[in-house]
Structure formats: C-alpha cells, structure tokens
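Coordinates from coords09.cif are shown below (mmCIF, C-alpha atoms and all ligand atoms).
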```
data_coords
#
loop_
_atom_site.label_atom_id
_atom_site.label_comp_id
_atom_site.auth_asym_id
_atom_site.auth_seq_id
_atom_site.Cartn_x
_atom_site.Cartn_y
_atom_site.Cartn_z
CA MET W 1 -9.94 -11.89 1.30
CA LEU W 2 -10.81 -13.24 -2.14
CA LEU W 3 -9.94 -11.16 -5.15
CA ILE W 4 -12.45 -11.49 -7.99
CA HIS W 5 -11.64 -10.41 -11.53
CA CYS W 6 -14.42 -8.17 -12.87
CA PRO W 7 -14.55 -8.51 -16.67
CA TYR W 8 -16.00 -5.00 -16.97
CA CYS W 9 -13.50 -3.25 -14.67
CA GLY W 10 -10.71 -5.35 -16.14
CA GLU W 11 -9.02 -6.00 -12.83
CA ALA W 12 -9.23 -8.05 -9.68
CA ARG W 13 -11.18 -6.38 -6.92
CA ALA W 14 -11.95 -7.29 -3.35
CA GLU W 15 -14.71 -9.76 -2.62
CA LEU W 16 -16.39 -7.08 -0.46
CA GLU W 17 -17.45 -5.23 -3.60
CA PHE W 18 -19.31 -8.24 -5.04
CA ARG W 19 -22.53 -10.10 -4.43
CA ALA W 20 -23.39 -13.60 -5.58
CA ALA W 21 -26.55 -13.93 -7.67
CA GLY W 22 -27.18 -17.63 -8.08
CA ASP W 23 -26.63 -20.07 -10.91
CA ALA W 24 -25.78 -18.78 -14.39
CA HIS W 25 -27.06 -19.99 -17.75
CA ILE W 26 -30.58 -20.74 -16.50
CA ASP W 27 -32.73 -20.29 -19.59
CA ARG W 28 -36.30 -19.11 -19.08
CA PRO W 29 -38.57 -21.44 -21.05
CA ALA W 30 -39.95 -19.71 -24.13
CA ASN W 31 -43.35 -21.33 -23.58
CA ILE W 32 -43.57 -20.35 -19.92
CA ALA W 33 -47.39 -20.29 -19.87
CA ALA W 34 -47.67 -23.75 -21.38
CA ILE W 35 -45.31 -25.74 -19.17
CA SER W 36 -46.48 -27.85 -16.24
CA ASP W 37 -46.02 -26.91 -12.59
CA GLU W 38 -43.33 -29.58 -12.32
CA GLU W 39 -41.45 -28.16 -15.31
CA PHE W 40 -41.77 -24.65 -13.86
CA ALA W 41 -40.47 -25.81 -10.48
CA GLU W 42 -37.56 -27.47 -12.24
CA TYR W 43 -36.70 -24.23 -14.04
CA PHE W 44 -37.43 -21.84 -11.19
CA PHE W 45 -36.43 -23.58 -7.97
CA LEU W 46 -34.26 -26.60 -8.55
CA ARG W 47 -30.49 -26.26 -8.80
CA ASP W 48 -27.76 -28.85 -9.06
CA ASN W 49 -25.55 -27.69 -6.15
CA PRO W 50 -22.50 -29.45 -7.60
CA LYS W 51 -19.36 -30.36 -5.72
CA GLY W 52 -16.64 -28.87 -7.90
CA LEU W 53 -17.04 -26.37 -10.72
CA ILE W 54 -20.17 -24.24 -10.69
CA TYR W 55 -21.26 -21.55 -13.16
CA GLU W 56 -22.64 -18.56 -11.31
CA ARG W 57 -23.87 -15.03 -11.80
CA TRP W 58 -22.06 -12.45 -9.77
CA ARG W 59 -22.63 -8.73 -9.51
CA HIS W 60 -19.96 -6.08 -8.96
CA ILE W 61 -22.57 -4.24 -6.95
CA HIS W 62 -20.24 -1.88 -5.06
CA GLY W 63 -18.11 -1.26 -8.16
CA CYS W 64 -19.26 -0.94 -11.74
CA GLY W 65 -22.66 -2.43 -10.91
CA ARG W 66 -22.54 -5.03 -13.71
CA PHE W 67 -23.68 -8.63 -13.61
CA PHE W 68 -21.18 -11.12 -14.99
CA ASN W 69 -20.61 -14.86 -14.89
CA ALA W 70 -18.00 -16.78 -12.98
CA VAL W 71 -16.76 -20.34 -12.76
CA ARG W 72 -16.04 -21.20 -9.17
CA ASP W 73 -14.90 -24.36 -7.45
CA THR W 74 -17.30 -25.07 -4.61
CA VAL W 75 -14.71 -27.14 -2.79
CA SER W 76 -11.83 -24.65 -2.72
CA ASP W 77 -13.88 -21.45 -3.32
CA LYS W 78 -11.36 -20.68 -6.06
CA PHE W 79 -12.62 -18.53 -8.94
CA VAL W 80 -11.42 -20.36 -12.05
CA MET W 81 -12.48 -17.61 -14.45
CA THR W 82 -14.97 -14.81 -14.99
CA TYR W 83 -16.58 -13.59 -18.20
CA LYS W 84 -19.09 -10.99 -19.33
CA ALA W 85 -22.81 -11.64 -19.17
CA GLY W 86 -24.16 -12.93 -22.47
CA GLN W 87 -21.03 -14.81 -23.40
CA PRO W 88 -21.45 -18.54 -23.99
CA LYS W 89 -20.86 -20.96 -21.19
CA PRO W 90 -17.22 -22.02 -21.44
CA ASP W 91 -16.52 -25.72 -21.62
CA LEU W 92 -14.16 -26.45 -18.79
CA SER W 93 -14.53 -30.20 -18.80
CA PRO W 94 -10.94 -31.37 -18.61
CA ALA W 95 -9.72 -33.10 -21.74
CA PRO W 96 -7.10 -35.70 -20.85
CA GLY W 97 -3.76 -33.97 -20.54
CA ALA W 98 -5.04 -30.68 -21.99
CA ALA W 99 -5.59 -27.34 -20.32
CA PRO W 100 -9.20 -26.11 -20.53
CA ALA W 101 -9.92 -23.69 -23.36
CA LEU W 102 -10.69 -20.20 -22.09
CA PRO W 103 -12.45 -17.46 -24.06
CA ALA W 104 -10.07 -14.92 -25.53
CA ASP W 105 -11.04 -11.91 -23.41
CA SER W 106 -11.06 -13.64 -20.07
CA ARG W 107 -8.30 -15.09 -18.05
CA PRO W 108 -7.96 -17.32 -15.07
CA VAL W 109 -7.81 -15.53 -11.78
CA GLU W 110 -5.69 -16.57 -8.87
CA THR W 111 -7.82 -15.86 -5.86
CA TYR W 112 -5.72 -17.40 -3.15
CA GLU W 113 -3.48 -15.30 -1.07
CA ALA W 114 -0.21 -17.14 -0.63
CA THR W 115 -0.05 -15.63 2.81
CA GLU W 116 -3.51 -16.73 3.85
CA GLY W 117 -3.44 -18.85 6.96
CA ARG W 118 -4.93 -22.28 7.43
CA ALA W 119 -7.63 -22.74 10.05
CA GLU W 120 -6.56 -25.30 12.59
CA MET P 1 8.64 -1.12 37.50
CA ALA P 2 6.83 0.80 34.76
CA ASP P 3 4.69 3.69 35.81
CA PRO P 4 1.11 2.28 35.90
CA ILE P 5 -0.33 5.69 35.18
CA ALA P 6 1.64 5.95 31.94
CA ILE P 7 0.51 2.47 30.89
CA ALA P 8 -3.11 3.39 31.56
CA ALA P 9 -2.93 6.61 29.56
CA ARG P 10 -6.18 6.91 27.69
CA ARG P 11 -7.34 8.75 24.68
CA PRO P 12 -10.48 10.83 25.14
CA VAL P 13 -13.47 9.34 23.40
CA LEU P 14 -13.72 12.37 21.10
CA ALA P 15 -10.01 12.58 20.38
CA PRO P 16 -10.29 11.61 16.70
CA HIS P 17 -12.55 14.56 16.08
CA ALA P 18 -10.38 16.98 17.99
CA SER P 19 -6.95 15.96 16.75
CA GLY P 20 -5.02 17.86 14.15
CA ALA P 21 -3.04 15.01 12.59
CA ALA P 22 -0.37 16.47 10.37
CA ARG P 23 -0.02 13.65 7.88
CA ALA P 24 -3.65 13.42 6.85
CA ALA P 25 -6.37 16.04 7.02
CA LEU P 26 -10.09 15.85 6.43
CA SER P 27 -12.40 18.58 5.26
CA ALA P 28 -15.88 18.80 3.87
CA ALA P 29 -16.08 19.46 0.16
CA GLY P 30 -18.09 22.52 -0.75
CA PRO P 31 -21.52 22.35 -2.34
CA ALA P 32 -21.51 20.92 -5.84
CA ALA P 33 -23.90 20.01 -8.59
CA ARG P 34 -23.98 16.28 -9.25
CA LEU P 35 -25.54 14.07 -11.88
CA SER P 36 -26.02 10.37 -12.10
CA LEU P 37 -25.68 9.90 -15.85
CA ARG P 38 -26.51 6.73 -17.76
CA ALA P 39 -26.14 6.32 -21.51
CA LYS P 40 -25.30 3.81 -24.22
CA PRO P 41 -21.98 4.14 -26.11
CA ASP P 42 -23.60 5.81 -29.15
CA ALA P 43 -24.68 8.77 -27.00
CA VAL P 44 -21.29 9.42 -25.40
CA GLY P 45 -20.12 11.84 -28.11
CA ALA P 46 -23.18 14.09 -27.93
CA LEU P 47 -23.24 14.05 -24.13
CA SER P 48 -19.53 14.85 -23.99
CA ALA P 49 -20.06 17.85 -26.26
CA ALA P 50 -22.97 19.06 -24.14
CA LEU P 51 -20.96 18.76 -20.92
CA GLY P 52 -17.78 20.23 -22.36
CA LEU P 53 -15.57 17.27 -21.47
CA ASP P 54 -14.89 13.80 -22.86
CA LEU P 55 -16.87 11.28 -20.86
CA PRO P 56 -14.32 8.58 -19.99
CA THR P 57 -15.05 5.13 -21.36
CA ALA P 58 -12.21 3.26 -19.67
CA PRO P 59 -12.63 1.79 -16.18
CA LYS P 60 -11.45 3.93 -13.25
CA HIS P 61 -10.91 6.98 -15.49
CA ALA P 62 -12.21 10.49 -14.91
CA ALA P 63 -12.26 13.55 -17.14
CA ARG P 64 -11.94 17.10 -15.95
CA ASN P 65 -12.67 20.51 -17.39
CA GLY P 66 -12.14 23.28 -14.85
CA ALA P 67 -14.55 22.73 -11.98
CA ARG P 68 -16.41 19.95 -13.79
CA HIS P 69 -15.52 16.30 -13.39
CA ALA P 70 -16.95 13.16 -15.01
CA LEU P 71 -16.17 9.95 -13.14
CA TRP P 72 -16.54 6.53 -14.80
CA LEU P 73 -18.57 4.33 -12.48
CA GLY P 74 -19.60 1.58 -14.90
CA PRO P 75 -19.71 0.80 -18.63
CA ASP P 76 -22.77 3.04 -19.07
CA GLU P 77 -22.67 5.09 -15.89
CA TRP P 78 -20.95 8.29 -14.79
CA LEU P 79 -20.99 10.58 -11.78
CA VAL P 80 -20.70 14.16 -12.99
CA ILE P 81 -19.62 16.71 -10.39
CA ASP P 82 -19.54 20.46 -10.97
CA GLU P 83 -17.89 22.32 -8.10
CA ASP P 84 -19.26 25.63 -9.42
CA GLU P 85 -22.81 24.29 -9.09
CA ALA P 86 -23.49 24.78 -12.77
CA ASP P 87 -26.88 23.64 -14.06
CA LEU P 88 -25.88 20.24 -15.44
CA MET P 89 -29.45 19.25 -16.27
CA ALA P 90 -29.77 22.32 -18.48
CA ALA P 91 -26.45 21.56 -20.14
CA LEU P 92 -27.65 18.09 -21.08
CA SER P 93 -31.20 19.04 -22.06
CA SER P 94 -30.08 20.00 -25.54
CA ALA P 95 -27.69 17.07 -26.03
CA GLY P 96 -30.03 15.40 -28.49
CA ALA P 97 -28.98 11.90 -27.50
CA LEU P 98 -30.84 9.28 -25.51
CA HIS P 99 -29.68 9.27 -21.91
CA SER P 100 -30.82 9.23 -18.30
CA ALA P 101 -29.70 12.07 -16.06
CA VAL P 102 -30.75 12.30 -12.42
CA ASP P 103 -29.81 15.31 -10.32
CA VAL P 104 -28.14 13.86 -7.19
CA SER P 105 -26.51 17.11 -6.03
CA HIS P 106 -27.91 16.76 -2.52
CA ARG P 107 -27.86 12.98 -2.34
CA ASN P 108 -24.08 12.93 -1.91
CA ALA P 109 -21.65 14.51 0.46
CA GLY P 110 -18.00 14.99 -0.45
CA ILE P 111 -15.11 14.58 1.97
CA LEU P 112 -11.63 15.74 1.00
CA VAL P 113 -8.77 13.64 2.34
CA THR P 114 -5.36 15.24 1.92
CA GLY P 115 -1.83 14.73 3.13
CA ALA P 116 1.03 12.29 2.81
CA GLU P 117 -0.99 9.50 4.46
CA ALA P 118 -4.27 10.23 2.66
CA ALA P 119 -4.26 6.88 0.86
CA THR P 120 -3.48 5.06 4.09
CA VAL P 121 -6.40 6.74 5.80
CA ILE P 122 -8.82 5.63 3.06
CA ASN P 123 -7.29 2.16 2.95
CA SER P 124 -8.04 1.75 6.64
CA GLY P 125 -11.52 0.79 5.54
CA CYS P 126 -11.28 0.39 1.77
CA PRO P 127 -9.80 -2.60 -0.09
CA LEU P 128 -8.98 -0.69 -3.28
CA ASP P 129 -5.33 -0.62 -4.38
CA LEU P 130 -4.53 3.10 -4.03
CA SER P 131 -0.88 2.89 -5.04
CA LEU P 132 0.04 5.46 -7.68
CA THR P 133 0.58 2.76 -10.28
CA ALA P 134 -2.85 1.17 -9.80
CA PHE P 135 -4.70 4.37 -8.92
CA PRO P 136 -2.92 7.39 -10.44
CA VAL P 137 -4.02 11.02 -10.23
CA GLY P 138 -7.39 11.27 -11.97
CA ALA P 139 -8.42 7.70 -11.18
CA CYS P 140 -11.78 7.02 -9.61
CA ALA P 141 -13.83 4.02 -8.53
CA ARG P 142 -16.98 3.14 -6.72
CA THR P 143 -16.02 0.87 -3.85
CA VAL P 144 -16.66 0.34 -0.16
CA LEU P 145 -15.33 2.14 2.89
CA SER P 146 -16.00 0.06 5.99
CA LYS P 147 -19.76 -0.53 5.81
CA SER P 148 -20.59 2.29 3.40
CA GLU P 149 -20.46 2.46 -0.38
CA VAL P 150 -18.32 5.35 -1.57
CA VAL P 151 -16.77 6.80 -4.71
CA VAL P 152 -13.05 7.48 -4.35
CA TYR P 153 -11.47 10.01 -6.71
CA ARG P 154 -7.78 10.88 -6.65
CA THR P 155 -7.35 14.60 -7.40
CA ALA P 156 -3.61 14.77 -6.63
CA GLU P 157 -0.90 12.41 -5.47
CA ASP P 158 -1.78 13.21 -1.89
CA ALA P 159 -5.42 14.27 -2.25
CA PHE P 160 -8.66 12.34 -2.62
CA ARG P 161 -12.31 13.19 -2.83
CA VAL P 162 -14.56 10.63 -1.13
CA GLU P 163 -18.22 10.85 -2.13
CA CYS P 164 -20.85 9.07 -0.09
CA TRP P 165 -24.58 9.26 0.37
CA ARG P 166 -25.47 12.06 2.76
CA SER P 167 -27.06 9.86 5.43
CA PHE P 168 -23.79 7.89 5.53
CA ALA P 169 -21.64 11.04 5.76
CA PRO P 170 -21.31 11.23 9.57
CA TYR P 171 -20.31 7.56 9.64
CA VAL P 172 -17.84 7.88 6.76
CA LEU P 173 -16.33 11.00 8.32
CA ALA P 174 -15.98 9.25 11.68
CA VAL P 175 -14.27 6.24 10.09
CA LEU P 176 -11.84 8.49 8.22
CA ALA P 177 -11.24 10.71 11.24
CA GLU P 178 -10.35 7.73 13.41
CA ALA P 179 -7.79 6.61 10.83
CA ALA P 180 -6.49 10.13 10.30
CA ALA P 181 -5.87 10.50 14.03
CA GLU P 182 -3.48 7.55 13.82
CA ALA P 183 -1.91 8.44 10.47
ZN ZN L 1 -16.68 -4.12 -12.23
#
```
Here is a file; write its structure as structure tokens.
Amino acid sequence: MLLIHCPYCGEARAELEFRAAGDAHIDRPANIAAISDEEFAEYFFLRDNPKGLIYERWRHIHGCGRFFNAVRDTVSDKFVMTYKAGQPKPDLSPAPGAAPALPADSRPVETYEATEGRAE
Amino acid sequence: MADPIAIAARRPVLAPHASGAARAALSAAGPAARLSLRAKPDAVGALSAALGLDLPTAPKHAARNGARHALWLGPDEWLVIDEDEADLMAALSSAGALHSAVDVSHRNAGILVTGAEAATVINSGCPLDLSLTAFPVGACARTVLSKSEVVVYRTAEDAFRVECWRSFAPYVLAVLAEAAAEA
C-alpha cells in the first residue's frame, strides 16, 4: 500500500484514506464569461496527461478532510512530494547535477515499501 | 492418519458474536452528546473557554476535561464528545466567536475496544499506526476501518473508543468482533 504524506496531518498515512482530485494549479480564467468555447474547453476539460511528473490535487478525505497538492510520477506512482493547497507550484525541473529545490515545510516522501513484491 | 473429523472442525457462523475472547473485548459506549465543531484559529480561544477545555490544534491530539473530550479531526474541525450528555450547543451559544456547531449526538455510535490486543483488533481493518509511540494515550484520528470511516481515540494503553456513523455500527461491530474472536 502507498503511504502518502499529508501536509496538514504532518505524517504519512495509508493511501486508503485519500482520494485523487485531478490536476492541480488549474487557474480559472478571470474573464470566464468573455472567453470562447474553445478556450473554455481548454481550461475545463483538457489535461496534459504527462508521462513522468504530474502536479495533482489530493484530498485526505478519510483523515483531516483537507485538499492538498502532490507531485507524483505517473510511471512509478511514486509521490515525490506533497504541499499545502495555495502554495506555489514547486519547480522540480532537474537542473544538471543538482537536486530539485523543495519548499521548506515539505519533504520528499518515500512511498515504496521495500518489501513490496514485483508482479510477474 | 490424522483424524478427518478434527481436521474438519468448524466454527459456528455466529461464533464471533458469542465468543468471550480474553485478550480483546468489545462493548457499546453509552449515550453521549456529540458536536461536529468547525472554526477558524482566531475563535479557538473563545470556544475553548466556553467548552471548558483547550481545543487541540495539533494533529491527532485530543483534550479532555472529565467526561468531555475534544478530538482534533482537521485543522479547523473537532469532534466534541460529552459522556454525561451535557448540552454542548448551549455551552457554545454564548461563546461569542464565529463557529459552526452541529449536534451529531445520534449520528454516531461508539464502540469500546479494550484488552491487551485492542490495537491488533482495530488494525485488522485499519491502516493507522497504533503503536504507543505513533499513537499514544489521548491520540485520535479519523481513518478507515475496513469499508467504513471511523474515528479512533486511544483512551488508555489498552483501550480505544471507535466512533462510526450509526448505520455503519452493525458492520463495524461485526468486523471488530471477528478480529476479537481471533485475538
Ligand atoms: Zn491529513
């Protein structure tokens, strides 16, 4: 089972307590009534579905109830980090030879279990 | 050759409900007054004064004053339980601070799990770390137990209160009883 670090509870909790809530950092256009249908569809429906790091909203629905943001690798399902809602999107683009800069009050979370088996 | 009758020994279908397992016991908590309390940080002081206990602001913490308990559920959310069925709404009505209080006294049912294997019984369907270091006496958390959402509250090293919604209570009790029978 994945362990996900909730930035409000301050600890890693079981995946069972959480629910995914789609992409994070989707800004609602300020001029929502003025934009075209195509621009609305772009904002409302279309997502990038990246292979690799994705920024997502998650909710600790069976815990503290809070929404927060997470950076997850869509290939490995590893949670790279989580941070409170409202905090700026962290820049995790890898600088050559440098570790990515993480916000001060968040920390990377190891979500693998060393003992987890491999499907064969 | 092994005795086939011994191998085929069965447990009656109702055995979990009839067994008296010594290492974990279940009982129904008595009636209690309960509040779902929501408030911003600036109201915590006034609400604490009105309730007669310090509303906890740290995750997994609970505060207790006699029969009254305040359980941290989220950054702005508490479950207040008064085992003497005191009028919590009346206590808060004069708090003078913006808050939301909903009487959920009869929404929840409380199940008391006690005994040396109490944590094991809960962990049979709950992923929370209930070791004494991670979940000491007085700790509480909203979490899941099998397919039901519950609030787990440690009242002693070997005693827990499990709160669930009343329509889930027979299910939660059955799940706990099955584990207790094997504790
Ligand atoms: Zn949480």
Answer as a PyMOL selection string, residues within 8 Å of (-26.3, -17.2, -18.4) using only C-alpha atoms: chain W and resi 24-27+57+69+85-89
Residues of chain W within 8 Å of chain P, only C-alpha atoms counted, as JSON, numbers by chain: {"W": [8, 9, 10, 13, 14, 16, 17, 62, 63, 64, 65, 66]}
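Between W:Phe68 and the residues W:Asp91, W:Ala41, W:Lys84, W:Glu56, the shortest atom-to-atom distance, using all atoms listed in the file, involves W:Lys84.
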Surrounding residues of P:His99 excluding itself and chain neighbours under 6 positions, 8 Å, only C-alpha atoms, as a ChimeraX atom specification: /P:37-40,43
Per-axis box centre and lengths in Å around stretch 10-21 of chain W, 4 Å margin per side, axis-aligned, as JSON:
```
{"center_x": -17.8, "center_y": -9.6, "center_z": -8.3, "size_x": 25.5, "size_y": 16.7, "size_z": 23.7}
```
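For the residues W:Ser36, W:Asn49, W:Asn31, W:Thr82, ranking by smallest atom-to-atom distance to ligand ZN 1 (chain L) using all atoms listed in the file places W:Thr82 first.
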